[in-house]
>>> print(open('coords_26.txt').read())   # compact mmCIF, C-alpha atoms and all ligand atoms
# COMPACT_ATOMS: atom_id res chain seq x y z
CA MET Q 121 5.95 30.35 -7.87
CA ARG Q 122 8.87 29.67 -5.57
CA ASN Q 123 9.37 25.94 -6.10
CA LEU Q 124 8.55 23.38 -8.75
CA ILE Q 125 7.83 20.13 -6.94
CA ASP Q 126 4.91 18.81 -8.98
CA ILE Q 127 3.79 19.72 -12.51
CA SER Q 128 0.46 20.89 -11.06
CA ASP Q 129 2.36 23.67 -9.26
CA LEU Q 130 2.21 25.36 -12.68
CA SER Q 131 -1.01 26.67 -14.20
CA ILE Q 132 -1.70 26.10 -17.89
CA LYS Q 133 -1.01 29.79 -18.41
CA GLU Q 134 2.41 29.50 -16.78
CA ILE Q 135 3.24 26.39 -18.79
CA ASP Q 136 2.25 28.12 -22.02
CA ALA Q 137 4.42 31.09 -21.09
CA LEU Q 138 7.40 28.79 -20.40
CA ILE Q 139 6.91 27.05 -23.74
CA LYS Q 140 6.82 30.41 -25.48
CA VAL Q 141 10.11 31.48 -23.89
CA ALA Q 142 11.70 28.09 -24.64
CA LYS Q 143 10.77 28.42 -28.30
CA ASP Q 144 12.30 31.87 -28.40
CA ILE Q 145 15.47 30.53 -26.77
CA LYS Q 146 15.63 27.85 -29.47
CA LYS Q 147 15.33 30.53 -32.14
CA ASN Q 148 17.55 33.23 -30.61
CA PRO Q 149 19.95 31.57 -28.18
CA ASN Q 150 22.37 34.50 -28.12
CA LYS Q 151 19.73 36.75 -26.65
CA TYR Q 152 19.84 34.67 -23.48
CA ASN Q 153 23.51 33.95 -22.92
CA GLU Q 154 24.00 36.46 -20.15
CA LYS Q 155 20.60 36.32 -18.47
CA CYS Q 156 21.88 34.46 -15.42
CA LYS Q 157 25.29 36.05 -15.13
CA ASN Q 158 26.50 35.92 -11.51
CA LYS Q 159 23.87 33.34 -10.58
CA ILE Q 160 24.68 29.86 -9.31
CA LEU Q 161 22.65 26.70 -9.84
CA GLY Q 162 23.21 23.93 -7.30
CA THR Q 163 22.67 20.44 -8.67
CA LEU Q 164 22.04 18.15 -5.69
CA PHE Q 165 21.85 14.63 -7.03
CA PHE Q 166 21.36 12.21 -4.14
CA GLU Q 167 21.17 9.50 -6.78
CA PRO Q 168 22.88 9.47 -10.15
CA SER Q 169 21.09 10.64 -13.29
CA THR Q 170 23.72 11.90 -15.66
CA ARG Q 171 21.38 13.06 -18.41
CA THR Q 172 19.11 15.11 -16.19
CA ARG Q 173 22.07 16.66 -14.39
CA LEU Q 174 23.86 17.56 -17.62
CA SER Q 175 20.66 19.01 -19.02
CA PHE Q 176 20.32 21.32 -16.00
CA GLU Q 177 23.99 22.25 -16.06
CA SER Q 178 23.92 22.97 -19.79
CA ALA Q 179 20.82 25.13 -19.29
CA MET Q 180 22.49 27.23 -16.59
CA ILE Q 181 25.77 27.56 -18.46
CA ARG Q 182 23.94 28.64 -21.62
CA LEU Q 183 22.28 31.33 -19.55
CA GLY Q 184 25.70 32.60 -18.52
CA GLY Q 185 25.39 31.28 -14.97
CA GLN Q 186 27.55 28.85 -13.03
CA VAL Q 187 26.93 25.48 -11.49
CA LEU Q 188 28.11 23.56 -8.46
CA GLY Q 189 26.86 20.39 -6.91
CA PHE Q 190 27.35 16.74 -6.19
CA SER Q 191 26.14 13.44 -7.50
CA GLU Q 192 26.07 10.36 -5.30
CA SER Q 193 27.34 7.25 -6.99
CA SER Q 194 24.43 5.14 -5.81
CA SER Q 195 21.06 5.76 -4.24
CA SER Q 196 21.92 3.63 -1.21
CA SER Q 197 24.34 6.21 0.15
CA VAL Q 198 21.37 8.39 1.08
CA SER Q 199 20.33 6.36 4.09
CA LYS Q 200 23.79 6.62 5.63
CA GLY Q 201 24.36 10.28 4.88
CA GLU Q 202 23.21 13.60 6.17
CA SER Q 203 19.49 14.34 6.27
CA VAL Q 204 17.89 16.27 3.42
CA SER Q 205 17.05 19.08 5.83
CA ASP Q 206 20.66 19.52 6.94
CA THR Q 207 22.13 19.29 3.45
CA ILE Q 208 19.70 21.83 2.06
CA ARG Q 209 20.27 24.29 4.91
CA VAL Q 210 23.98 24.21 4.15
CA VAL Q 211 23.90 24.22 0.34
CA GLY Q 212 21.13 26.83 0.31
CA GLY Q 213 23.83 29.29 1.34
CA TYR Q 214 26.01 28.43 -1.64
CA CYS Q 215 23.63 28.98 -4.55
CA ASP Q 216 20.68 30.95 -5.93
CA ILE Q 217 18.57 28.05 -7.18
CA ILE Q 218 18.66 24.29 -6.64
CA ALA Q 219 17.83 21.34 -8.87
CA MET Q 220 17.49 18.29 -6.68
CA ARG Q 221 17.15 14.60 -7.38
CA HIS Q 222 16.55 12.10 -4.62
CA PRO Q 223 15.60 8.41 -4.52
CA LYS Q 224 12.98 8.99 -1.82
CA GLU Q 225 9.53 10.28 -2.76
CA GLY Q 226 8.72 13.67 -1.29
CA ALA Q 227 12.33 14.63 -0.55
CA PRO Q 228 12.20 17.85 -2.64
CA LEU Q 229 9.10 18.93 -0.73
CA VAL Q 230 11.00 18.47 2.53
CA ALA Q 231 13.87 20.48 1.06
CA SER Q 232 11.60 23.31 -0.06
CA ASN Q 233 10.37 23.74 3.50
CA LYS Q 234 13.91 24.29 4.75
CA THR Q 235 15.26 27.03 2.49
CA ILE Q 236 14.23 30.23 0.76
CA VAL Q 237 16.26 29.23 -2.31
CA PRO Q 238 13.91 28.03 -5.09
CA ILE Q 239 13.88 24.22 -5.46
CA ILE Q 240 13.30 22.38 -8.71
CA ASN Q 241 12.39 18.72 -8.33
CA ALA Q 242 14.66 16.87 -10.77
CA GLY Q 243 13.02 13.54 -9.92
CA ASP Q 244 12.06 11.96 -6.59
CA GLY Q 245 12.01 8.18 -6.83
CA GLY Q 246 9.03 6.95 -8.77
CA HIS Q 247 7.01 10.00 -7.84
CA ASN Q 248 7.41 13.28 -9.77
CA HIS Q 249 9.70 14.59 -12.46
CA PRO Q 250 8.11 17.87 -13.57
CA THR Q 251 10.93 19.08 -15.84
CA GLN Q 252 10.58 15.87 -17.86
CA THR Q 253 6.91 16.68 -18.30
CA LEU Q 254 7.72 20.25 -19.34
CA THR Q 255 10.20 18.83 -21.85
CA ASP Q 256 7.48 16.53 -23.19
CA LEU Q 257 5.01 19.38 -23.51
CA LEU Q 258 7.53 21.57 -25.33
CA THR Q 259 8.35 18.69 -27.67
CA ILE Q 260 4.69 18.13 -28.49
CA SER Q 261 4.14 21.84 -28.96
CA ILE Q 262 7.11 22.18 -31.35
CA GLU Q 263 6.57 18.97 -33.28
CA LYS Q 264 2.77 19.03 -33.50
CA LYS Q 265 2.39 22.82 -33.30
CA LYS Q 266 -0.46 22.39 -30.81
CA LEU Q 267 -1.28 20.86 -27.44
CA ASN Q 268 -4.93 20.02 -28.12
CA ASN Q 269 -6.81 17.74 -30.52
CA LEU Q 270 -4.34 14.90 -30.11
CA THR Q 271 -4.53 11.13 -29.83
CA ILE Q 272 -1.67 10.05 -27.61
CA GLY Q 273 -0.42 6.49 -27.34
CA LEU Q 274 1.43 5.66 -24.13
CA CYS Q 275 3.34 2.42 -24.29
CA GLY Q 276 5.26 0.30 -21.80
CA ASP Q 277 5.24 0.57 -18.03
CA LEU Q 278 2.14 2.58 -17.28
CA LYS Q 279 1.97 1.36 -13.69
CA PHE Q 280 5.23 2.64 -12.24
CA GLY Q 281 6.21 5.09 -14.99
CA ARG Q 282 6.09 8.49 -13.35
CA THR Q 283 6.70 10.38 -16.61
CA ILE Q 284 3.53 8.76 -17.89
CA HIS Q 285 1.46 9.76 -14.88
CA SER Q 286 2.51 13.39 -14.95
CA LEU Q 287 2.17 13.61 -18.73
CA ILE Q 288 -1.40 12.33 -18.41
CA THR Q 289 -2.10 14.84 -15.64
CA ALA Q 290 -0.61 17.69 -17.67
CA MET Q 291 -2.29 16.79 -20.98
CA SER Q 292 -5.67 16.30 -19.29
CA ARG Q 293 -5.87 20.06 -18.96
CA TYR Q 294 -5.90 20.57 -22.74
CA LYS Q 295 -8.90 20.21 -25.04
CA ASN Q 296 -9.90 17.16 -27.04
CA ILE Q 297 -7.20 14.74 -25.91
CA LYS Q 298 -7.58 11.00 -26.25
CA PHE Q 299 -5.27 8.39 -24.75
CA ILE Q 300 -4.44 4.91 -26.03
CA LEU Q 301 -2.93 3.03 -23.09
CA ILE Q 302 -0.68 0.23 -24.32
CA SER Q 303 0.79 -2.04 -21.65
CA PRO Q 304 1.05 -5.62 -20.46
CA GLU Q 305 -1.69 -6.64 -18.02
CA GLU Q 306 0.72 -6.39 -15.08
CA LEU Q 307 1.78 -2.84 -15.91
CA LYS Q 308 -1.57 -1.20 -16.58
CA LEU Q 309 -2.28 2.37 -15.54
CA PRO Q 310 -3.26 2.44 -11.83
CA GLU Q 311 -6.98 2.62 -11.09
CA TYR Q 312 -6.64 5.91 -9.20
CA THR Q 313 -5.06 7.66 -12.19
CA LYS Q 314 -7.98 6.51 -14.30
CA THR Q 315 -10.63 7.69 -11.87
CA GLU Q 316 -8.97 10.78 -10.42
CA VAL Q 317 -7.45 12.15 -13.61
CA LEU Q 318 -9.01 10.65 -16.75
CA ASP Q 319 -12.61 10.06 -15.66
CA LYS Q 320 -12.73 13.21 -13.59
CA ASN Q 321 -11.72 15.33 -16.60
CA HIS Q 322 -13.88 13.31 -19.01
CA ILE Q 323 -10.87 12.24 -21.06
CA PRO Q 324 -11.59 9.29 -23.35
CA TYR Q 325 -9.14 6.38 -23.29
CA VAL Q 326 -8.83 2.78 -24.38
CA GLU Q 327 -6.56 0.09 -22.98
CA THR Q 328 -4.85 -2.49 -25.10
CA THR Q 329 -1.93 -4.89 -24.91
CA ASP Q 330 -1.28 -4.63 -28.66
CA ILE Q 331 1.02 -1.83 -29.81
CA GLU Q 332 -0.19 -2.07 -33.42
CA GLU Q 333 -3.95 -2.12 -32.80
CA TYR Q 334 -4.44 1.67 -32.79
CA MET Q 335 -1.19 2.66 -34.53
CA ASN Q 336 -2.99 4.32 -37.45
CA GLU Q 337 -4.86 6.71 -35.10
CA LEU Q 338 -1.91 8.02 -33.15
CA ASP Q 339 -0.53 11.55 -33.35
CA ILE Q 340 2.00 10.81 -30.65
CA LEU Q 341 3.54 7.54 -29.51
CA TYR Q 342 5.27 7.86 -26.18
CA MET Q 343 7.46 4.86 -25.42
CA THR Q 344 8.89 4.13 -21.95
CA ARG Q 345 11.33 1.63 -20.62
CA VAL Q 346 10.50 -0.88 -17.94
CA GLN Q 347 12.66 0.10 -14.98
CA LYS Q 348 14.35 -2.60 -13.03
CA GLU Q 349 14.37 -0.71 -9.73
CA ARG Q 350 10.56 -0.66 -9.65
CA PHE Q 351 10.35 -4.43 -9.41
CA PHE Q 352 10.69 -6.50 -6.27
CA ASN Q 353 11.03 -9.65 -8.29
CA GLU Q 354 13.79 -10.16 -10.86
CA ALA Q 355 11.79 -12.75 -12.82
CA ASP Q 356 8.92 -10.30 -13.40
CA TYR Q 357 11.35 -7.72 -14.70
CA VAL Q 358 13.03 -10.12 -17.11
CA ARG Q 359 9.66 -11.30 -18.41
CA LEU Q 360 8.32 -7.77 -19.01
CA LYS Q 361 11.34 -5.71 -20.03
CA ASP Q 362 11.21 -6.55 -23.73
CA TYR Q 363 7.43 -6.84 -24.00
CA TYR Q 364 7.29 -4.04 -26.57
CA ILE Q 365 9.93 -3.35 -29.15
CA LEU Q 366 9.03 -0.64 -31.62
CA ASN Q 367 10.68 -1.16 -35.01
CA LYS Q 368 10.15 -0.02 -38.59
CA ASP Q 369 7.72 -2.86 -39.38
CA LYS Q 370 5.33 -1.87 -36.61
CA LEU Q 371 5.14 1.66 -38.01
CA VAL Q 372 3.76 0.60 -41.38
CA ASN Q 373 0.24 1.83 -40.60
CA ALA Q 374 1.32 4.87 -38.60
CA LYS Q 375 0.50 8.42 -39.67
CA LYS Q 376 3.10 10.25 -41.72
CA ASP Q 377 3.37 12.95 -39.08
CA LEU Q 378 3.43 10.67 -36.03
CA CYS Q 379 5.73 11.96 -33.30
CA ILE Q 380 7.64 9.18 -31.49
CA MET Q 381 8.86 10.20 -28.04
CA HIS Q 382 10.88 8.57 -25.27
CA PRO Q 383 12.29 10.12 -22.06
CA LEU Q 384 15.61 8.29 -22.60
CA PRO Q 385 17.74 6.40 -21.88
CA ARG Q 386 16.21 3.61 -23.91
CA VAL Q 387 17.11 -0.02 -23.60
CA ASN Q 388 15.49 -2.26 -26.23
CA GLU Q 389 12.03 -0.76 -26.53
CA ILE Q 390 12.88 1.24 -29.66
CA ALA Q 391 14.97 -0.56 -32.26
CA THR Q 392 17.79 1.51 -33.73
CA ASP Q 393 16.26 1.14 -37.21
CA VAL Q 394 13.66 3.72 -36.12
CA ASP Q 395 16.28 6.36 -35.28
CA ASP Q 396 16.62 7.66 -38.84
CA ASP Q 397 12.87 7.81 -39.40
CA PRO Q 398 11.78 11.48 -39.52
CA ARG Q 399 9.05 10.59 -37.02
CA ALA Q 400 11.60 9.74 -34.34
CA CYS Q 401 11.65 12.76 -32.02
CA TYR Q 402 13.39 11.40 -28.91
CA PHE Q 403 16.82 12.89 -29.52
CA LYS Q 404 15.29 16.26 -30.33
CA GLN Q 405 13.22 15.85 -27.17
CA ALA Q 406 16.42 15.60 -25.11
CA GLU Q 407 17.73 18.76 -26.75
CA TYR Q 408 14.46 20.64 -26.10
CA GLY Q 409 14.84 19.70 -22.44
CA VAL Q 410 17.66 22.21 -22.15
CA PHE Q 411 15.54 25.04 -23.60
CA ILE Q 412 12.62 24.47 -21.25
CA ARG Q 413 14.98 24.22 -18.25
CA MET Q 414 16.53 27.55 -19.30
CA ALA Q 415 13.07 29.11 -19.42
CA LEU Q 416 12.22 27.59 -16.04
CA ILE Q 417 15.41 28.77 -14.32
CA MET Q 418 14.77 32.30 -15.57
CA LYS Q 419 11.19 32.23 -14.37
CA MET Q 420 12.14 30.98 -10.93
CA LEU Q 421 14.92 33.54 -10.58
CA GLU Q 422 12.43 36.16 -11.80
CA ILE Q 423 14.67 37.17 -14.69
CA LYS Q 424 12.86 38.59 -17.68
CA MET K 137 -16.77 0.71 38.82
CA ASN K 138 -20.34 1.05 37.82
CA ILE K 139 -20.06 1.45 34.10
CA ASP K 140 -23.10 3.68 33.95
CA SER K 141 -21.80 6.33 36.24
CA ILE K 142 -18.79 8.40 35.54
CA LYS K 143 -18.10 11.33 37.79
CA ASN K 144 -15.58 13.21 35.68
CA GLY K 145 -14.58 11.87 32.32
CA TYR K 146 -15.74 10.89 28.86
CA VAL K 147 -18.22 8.60 27.25
CA LEU K 148 -17.35 7.76 23.67
CA ASP K 149 -20.60 6.52 22.19
CA HIS K 150 -21.94 5.25 18.85
CA ILE K 151 -18.58 3.77 17.93
CA THR K 152 -18.94 1.47 14.93
CA ALA K 153 -19.06 -2.07 16.32
CA GLY K 154 -15.56 -3.53 16.35
CA LYS K 155 -13.64 -0.24 16.33
CA ALA K 156 -13.38 0.41 20.07
CA MET K 157 -10.12 -1.48 20.47
CA LYS K 158 -8.52 0.43 17.63
CA ILE K 159 -9.44 3.72 19.31
CA TYR K 160 -8.19 2.35 22.63
CA GLU K 161 -4.86 1.51 21.02
CA LEU K 162 -4.27 4.74 19.10
CA LEU K 163 -5.33 6.94 22.02
CA GLU K 164 -2.90 4.88 24.12
CA LEU K 165 -5.51 4.46 26.83
CA ASN K 166 -3.51 1.50 28.16
CA LYS K 167 -1.08 4.05 29.56
CA LEU K 168 -3.70 5.60 31.85
CA GLU K 169 -4.18 4.58 35.43
CA CYS K 170 -7.85 5.53 35.73
CA GLN K 171 -10.74 3.16 35.17
CA ILE K 172 -11.75 2.50 31.59
CA ALA K 173 -14.69 0.47 30.41
CA ILE K 174 -14.92 -0.90 26.91
CA ILE K 175 -18.31 -2.13 25.83
CA THR K 176 -18.57 -3.93 22.53
CA ASN K 177 -21.61 -4.94 20.52
CA ALA K 178 -24.03 -2.95 22.65
CA ARG K 179 -27.55 -2.65 21.29
CA SER K 180 -28.22 0.59 19.45
CA ASN K 181 -31.54 1.82 18.12
CA LYS K 182 -29.86 3.79 15.43
CA TYR K 183 -27.13 1.43 14.27
CA GLY K 184 -28.07 -2.03 15.48
CA ARG K 185 -24.75 -2.63 17.23
CA LYS K 186 -22.23 -0.20 18.60
CA ASP K 187 -19.16 -0.01 20.81
CA MET K 188 -18.60 2.39 23.70
CA ILE K 189 -15.63 3.52 25.75
CA LYS K 190 -15.95 5.16 29.14
CA ILE K 191 -12.98 6.91 30.65
CA ASP K 192 -13.17 7.89 34.28
CA LYS K 193 -10.86 10.90 34.05
CA LEU K 194 -10.76 14.19 32.13
CA ILE K 195 -7.60 13.59 30.13
CA ASP K 196 -6.45 15.34 26.99
CA ILE K 197 -8.01 13.46 24.10
CA ASP K 198 -6.82 13.84 20.51
CA LEU K 199 -10.16 14.15 18.75
CA ASP K 200 -8.45 13.87 15.36
CA ILE K 201 -7.52 10.30 16.13
CA ILE K 202 -11.11 9.37 16.89
CA GLY K 203 -12.38 11.33 13.90
CA TYR K 204 -9.94 9.46 11.71
CA ILE K 205 -10.82 5.98 12.95
CA ASP K 206 -14.55 6.49 13.26
CA PRO K 207 -16.14 9.90 12.60
CA ARG K 208 -19.50 8.46 13.71
CA THR K 209 -18.37 8.48 17.33
CA THR K 210 -19.98 11.00 19.68
CA ILE K 211 -18.25 12.25 22.77
CA CYS K 212 -19.93 13.21 26.02
CA ILE K 213 -17.92 15.16 28.54
CA VAL K 214 -19.01 14.45 32.08
CA LYS K 215 -18.30 16.74 35.01
CA ASN K 216 -19.67 16.11 38.49
CA ASP K 217 -21.99 13.36 37.22
CA LYS K 218 -23.48 15.62 34.56
CA ILE K 219 -23.00 15.67 30.83
CA ILE K 220 -21.74 19.18 30.20
CA GLU K 221 -20.93 18.86 26.51
CA LYS K 222 -21.67 16.59 23.57
CA LYS K 223 -19.36 16.59 20.61
CA THR K 224 -19.83 15.16 17.16
CA LEU K 225 -16.84 14.51 14.94
CA SER K 226 -15.81 14.72 11.35
CA LYS K 227 -12.81 13.40 9.52
CA PRO K 228 -9.87 15.71 10.25
CA LYS K 229 -8.36 17.56 7.28
CA GLU K 230 -4.88 16.59 8.37
CA LEU K 231 -3.46 13.74 10.41
CA ILE K 232 -0.21 14.60 12.07
CA ASN K 233 1.76 11.76 13.64
CA VAL K 234 -1.31 9.55 13.98
CA VAL K 235 -0.28 6.89 11.48
CA SER K 236 2.94 6.27 9.55
CA CYS K 237 3.40 6.09 5.81
CA LYS K 238 3.88 2.48 4.71
CA ASN K 239 5.63 3.30 1.44
CA PRO K 240 9.27 2.17 1.85
CA ARG K 241 10.32 4.69 -0.83
CA CYS K 242 8.82 7.63 1.08
CA ILE K 243 11.17 10.27 2.49
CA THR K 244 9.45 9.85 5.87
CA SER K 245 11.07 6.41 6.09
CA VAL K 246 14.59 7.88 6.34
CA GLU K 247 14.49 11.58 7.19
CA ARG K 248 15.01 12.23 10.88
CA SER K 249 12.46 14.22 12.90
CA LEU K 250 9.99 14.62 10.04
CA ASP K 251 6.31 14.60 11.00
CA GLN K 252 4.09 11.95 9.46
CA VAL K 253 1.43 14.00 7.70
CA PHE K 254 -1.62 12.74 5.83
CA ILE K 255 -4.01 15.07 4.04
CA LEU K 256 -7.69 14.36 3.40
CA LYS K 257 -8.43 14.50 -0.33
CA GLU K 258 -11.67 15.11 -2.22
CA ASN K 259 -12.49 11.43 -2.52
CA ASP K 260 -12.49 11.12 1.29
CA LYS K 261 -9.17 9.30 1.35
CA TYR K 262 -5.98 10.31 3.06
CA ARG K 263 -2.74 10.71 1.14
CA CYS K 264 0.77 11.07 2.51
CA LYS K 265 1.81 14.73 2.19
CA TYR K 266 5.21 13.69 0.83
CA CYS K 267 4.81 10.65 -1.43
CA GLU K 268 1.02 10.90 -1.95
CA THR K 269 0.51 7.23 -1.19
CA ILE K 270 -3.12 6.53 -0.32
CA LEU K 271 -3.67 5.51 3.28
CA GLU K 272 -5.70 2.31 3.30
CA GLN K 273 -8.08 2.36 6.24
CA GLU K 274 -9.35 -0.92 7.56
ZN ZN Q 501 4.71 8.77 2.26
>>> encode(input="coords_26.txt", output="structure tokens")
Amino acid sequence: MRNLIDISDLSIKEIDALIKVAKDIKKNPNKYNEKCKNKILGTLFFEPSTRTRLSFESAMIRLGGQVLGFSESSSSSVSKGESVSDTIRVVGGYCDIIAMRHPKEGAPLVASNKTIVPIINAGDGGHNHPTQTLTDLLTISIEKKKLNNLTIGLCGDLKFGRTIHSLITAMSRYKNIKFILISPEELKLPEYTKTEVLDKNHIPYVETTDIEEYMNELDILYMTRVQKERFFNEADYVRLKDYYILNKDKLVNAKKDLCIMHPLPRVNEIATDVDDDPRACYFKQAEYGVFIRMALIMKMLEIK
Amino acid sequence: MNIDSIKNGYVLDHITAGKAMKIYELLELNKLECQIAIITNARSNKYGRKDMIKIDKLIDIDLDIIGYIDPRTTICIVKNDKIIEKKTLSKPKELINVVSCKNPRCITSVERSLDQVFILKENDKYRCKYCETILEQE
């Protein structure tokens, strides 16, 4: 595998191998601290995303490598600037591997056609964000000790939420998965994801607007925020942004070993009174993101 | 011109009624100087109604465009008053620079000199190669 543009670029076998390495990194970090000595990661952030960039940079530094890159202050600067093709041809000469974020969908694919340096898609608009999905899979695997036989609640913006779409795609490849889709009417999972992913793989699912209705069945509750930039209409955003707020009271009927996840940053959708609950996994999830990115960088640089 | 007789050229037949103008537009036949006949709502034994286009010149035709708009269309190539070849069409696997992606967040909307590419997926729909937006065909 030369590039990671879409989570489906990875087979289940490859994902399982990455998870295995990430778990070993978590256990024995010192074993890995010189693996990428003399290698350079380029972080090309055509729109800002501090967390994702820091996660990549931390991963490379922990592998003993170095980082260089840029981060545009706003996504609007893209249209005025250099083309993706030109930028990548230049920066490709400065580094050994590139993590790239871009506000336009498909930009990392364009980049990957212009360089022999491996490209990792670190998010392209509302489209793909495969390292988030890998992070989610690692988190589930560590916290639940399995990736099958799970009932997964997805809550919030299921229409535009790309992390949701790729998590569904990724989890659909495992056995005995059931989804509870919790969203307001306006933000339901798109029809094509239902037919092309869920129905096609015979994955059972139910849709509800009520976060508490199936709470007692859930093994995982994945919360998302409603993102302002996906809306054309300010009023719609304001009306829907606080539709779901998970707090201690709503967890009364939840399983004792529920795993609550969130890609972060959160706004109001998880109340801070949940943070100290042992079922809250979202800060650990962010930490695991570094381990899986370390495993990924090594794989793409073909370092054992 | 007698619309029945073409000396050297093409007869596009069995076009779904109403689609001839769309083919005319996308093939940019308005830019040609030869005679072109467009027949709409002609009687057809097989389909009830059909459209036809006759082009009185052997130009280069992009068959992918016709296959994309209406794969039912058949093409007769006429040379010296005789039909020398009949072609049937299917939906092309890839459309390159035939239609543009309508998604304003797609990289094709800003990146210079990037081909517009749509790929035919299993469900018989086209998706943009870059943003995967489904192409809605009218
Ligand atoms: Zn597109």
>>> interface_residues(input="coords_26.txt", of="chain Q", to="chain K", cutoff="7 Å", atoms="all atoms listed in the file", output="list in words")
Ser199, Ser203, Val204, Lys224, Glu225, Gly226, Ala227, Leu229 and His247 of chain Q
>>> atom_distance(input="coords_26.txt", atom1="CA of Lys223 in chain K", atom2="CA of Ile189 in chain K")
14.5 Å
>>> atom_distance(input="coords_26.txt", atom1="CA of Asn233 in chain Q", atom2="CA of Ile208 in chain Q")
9.6 Å
>>> closest_residue(input="coords_26.txt", among="K:Cys237, K:Leu271, K:Val214, K:Ile172", to="ligand ZN 501 (chain Q)", atoms="all atoms listed in the file")
K:Cys237
>>> atom_distance(input="coords_26.txt", atom1="CA of Asp198 in chain K", atom2="CA of His150 in chain K")
17.5 Å
>>> residues_near_point(input="coords_26.txt", point="(25.4, 11.0, -11.4)", cutoff="7 Å", atoms="only C-alpha atoms", output="PyMOL selection string")
chain Q and resi 165+167-170+191-193
>>> residues_around(input="coords_26.txt", residues="Ile412 in chain Q", least_positions_apart="6", cutoff="7 Å", atoms="all atoms listed in the file", output="list in words")
Leu138, Ile139, Ala142, Leu254 and Thr255 of chain Q
>>> residues_around(input="coords_26.txt", residues="Ile380 in chain Q", least_positions_apart="4", cutoff="9 Å", atoms="all atoms listed in the file", output="list in words")
Asp339, Ile340, Leu341, Tyr342, Met343, Arg399, Ala400, Cys401 and Tyr402 of chain Q
>>> residues_around(input="coords_26.txt", residues="Pro207 in chain K", least_positions_apart="5", cutoff="12 Å", atoms="all atoms listed in the file", output="list in words")
Leu148, Asp149, His150, Ile151, Thr152, Lys155, Ile159, Leu199, Asp200, Ile201, Ile202, Lys223, Thr224, Leu225, Ser226, Lys227, Pro228 and Asp260 of chain K
>>> residues_near_point(input="coords_26.txt", point="(-19.9, 1.2, 16.7)", cutoff="8 Å", atoms="all atoms listed in the file", output="list in words")
Asp149, His150, Ile151, Thr152, Ala153, Gly154, Lys155, Ala156, Thr176, Asn177, Tyr183, Arg185, Lys186, Asp187, Met188, Arg208 and Thr209 of chain K
>>> residues_around(input="coords_26.txt", residues="range 315-326 of chain Q", least_positions_apart="4", cutoff="6 Å", atoms="all atoms listed in the file", output="ChimeraX atom specification")
/Q:298-300
>>> closest_residue(input="coords_26.txt", among="K:Lys261, K:Gln252, K:Gly145, K:Met157", to="ligand ZN 501 (chain Q)", atoms="all atoms listed in the file")
K:Gln252
>>> decode(input="coords_26.txt", residues="range 260-271 of chain K", atoms="N, CA and C atoms", output="PDB file, in the first residue's frame")
ATOM      1  N   ASP K 260     -24.867   0.967 -11.322  1.00  0.00           N
ATOM      2  CA  ASP K 260     -25.145   1.617 -12.593  1.00  0.00           C
ATOM      3  C   ASP K 260     -25.169   3.138 -12.511  1.00  0.00           C
ATOM      4  N   LYS K 261     -24.605   3.681 -11.443  1.00  0.00           N
ATOM      5  CA  LYS K 261     -24.535   5.134 -11.329  1.00  0.00           C
ATOM      6  C   LYS K 261     -23.083   5.573 -11.433  1.00  0.00           C
ATOM      7  N   TYR K 262     -22.932   6.822 -11.881  1.00  0.00           N
ATOM      8  CA  TYR K 262     -21.582   7.371 -11.960  1.00  0.00           C
ATOM      9  C   TYR K 262     -21.258   8.151 -10.694  1.00  0.00           C
ATOM     10  N   ARG K 263     -20.005   8.009 -10.256  1.00  0.00           N
ATOM     11  CA  ARG K 263     -19.534   8.804  -9.127  1.00  0.00           C
ATOM     12  C   ARG K 263     -18.272   9.547  -9.526  1.00  0.00           C
ATOM     13  N   CYS K 264     -18.138  10.780  -9.023  1.00  0.00           N
ATOM     14  CA  CYS K 264     -16.934  11.557  -9.262  1.00  0.00           C
ATOM     15  C   CYS K 264     -15.744  10.782  -8.694  1.00  0.00           C
ATOM     16  N   LYS K 265     -14.670  10.694  -9.472  1.00  0.00           N
ATOM     17  CA  LYS K 265     -13.485   9.958  -9.027  1.00  0.00           C
ATOM     18  C   LYS K 265     -12.897  10.572  -7.759  1.00  0.00           C
ATOM     19  N   TYR K 266     -13.059  11.882  -7.598  1.00  0.00           N
ATOM     20  CA  TYR K 266     -12.389  12.573  -6.494  1.00  0.00           C
ATOM     21  C   TYR K 266     -13.259  12.678  -5.243  1.00  0.00           C
ATOM     22  N   CYS K 267     -14.474  13.184  -5.375  1.00  0.00           N
ATOM     23  CA  CYS K 267     -15.293  13.398  -4.169  1.00  0.00           C
ATOM     24  C   CYS K 267     -16.365  12.321  -4.013  1.00  0.00           C
ATOM     25  N   GLU K 268     -16.517  11.463  -5.011  1.00  0.00           N
ATOM     26  CA  GLU K 268     -17.481  10.354  -4.991  1.00  0.00           C
ATOM     27  C   GLU K 268     -18.939  10.793  -4.984  1.00  0.00           C
ATOM     28  N   THR K 269     -19.175  12.041  -5.333  1.00  0.00           N
ATOM     29  CA  THR K 269     -20.564  12.496  -5.453  1.00  0.00           C
ATOM     30  C   THR K 269     -21.238  11.762  -6.609  1.00  0.00           C
ATOM     31  N   ILE K 270     -22.472  11.331  -6.374  1.00  0.00           N
ATOM     32  CA  ILE K 270     -23.214  10.611  -7.407  1.00  0.00           C
ATOM     33  C   ILE K 270     -23.658  11.601  -8.482  1.00  0.00           C
ATOM     34  N   LEU K 271     -23.466  11.212  -9.729  1.00  0.00           N
ATOM     35  CA  LEU K 271     -23.907  12.040 -10.844  1.00  0.00           C
ATOM     36  C   LEU K 271     -25.380  11.748 -11.096  1.00  0.00           C
TER      37      LEU K 271
END
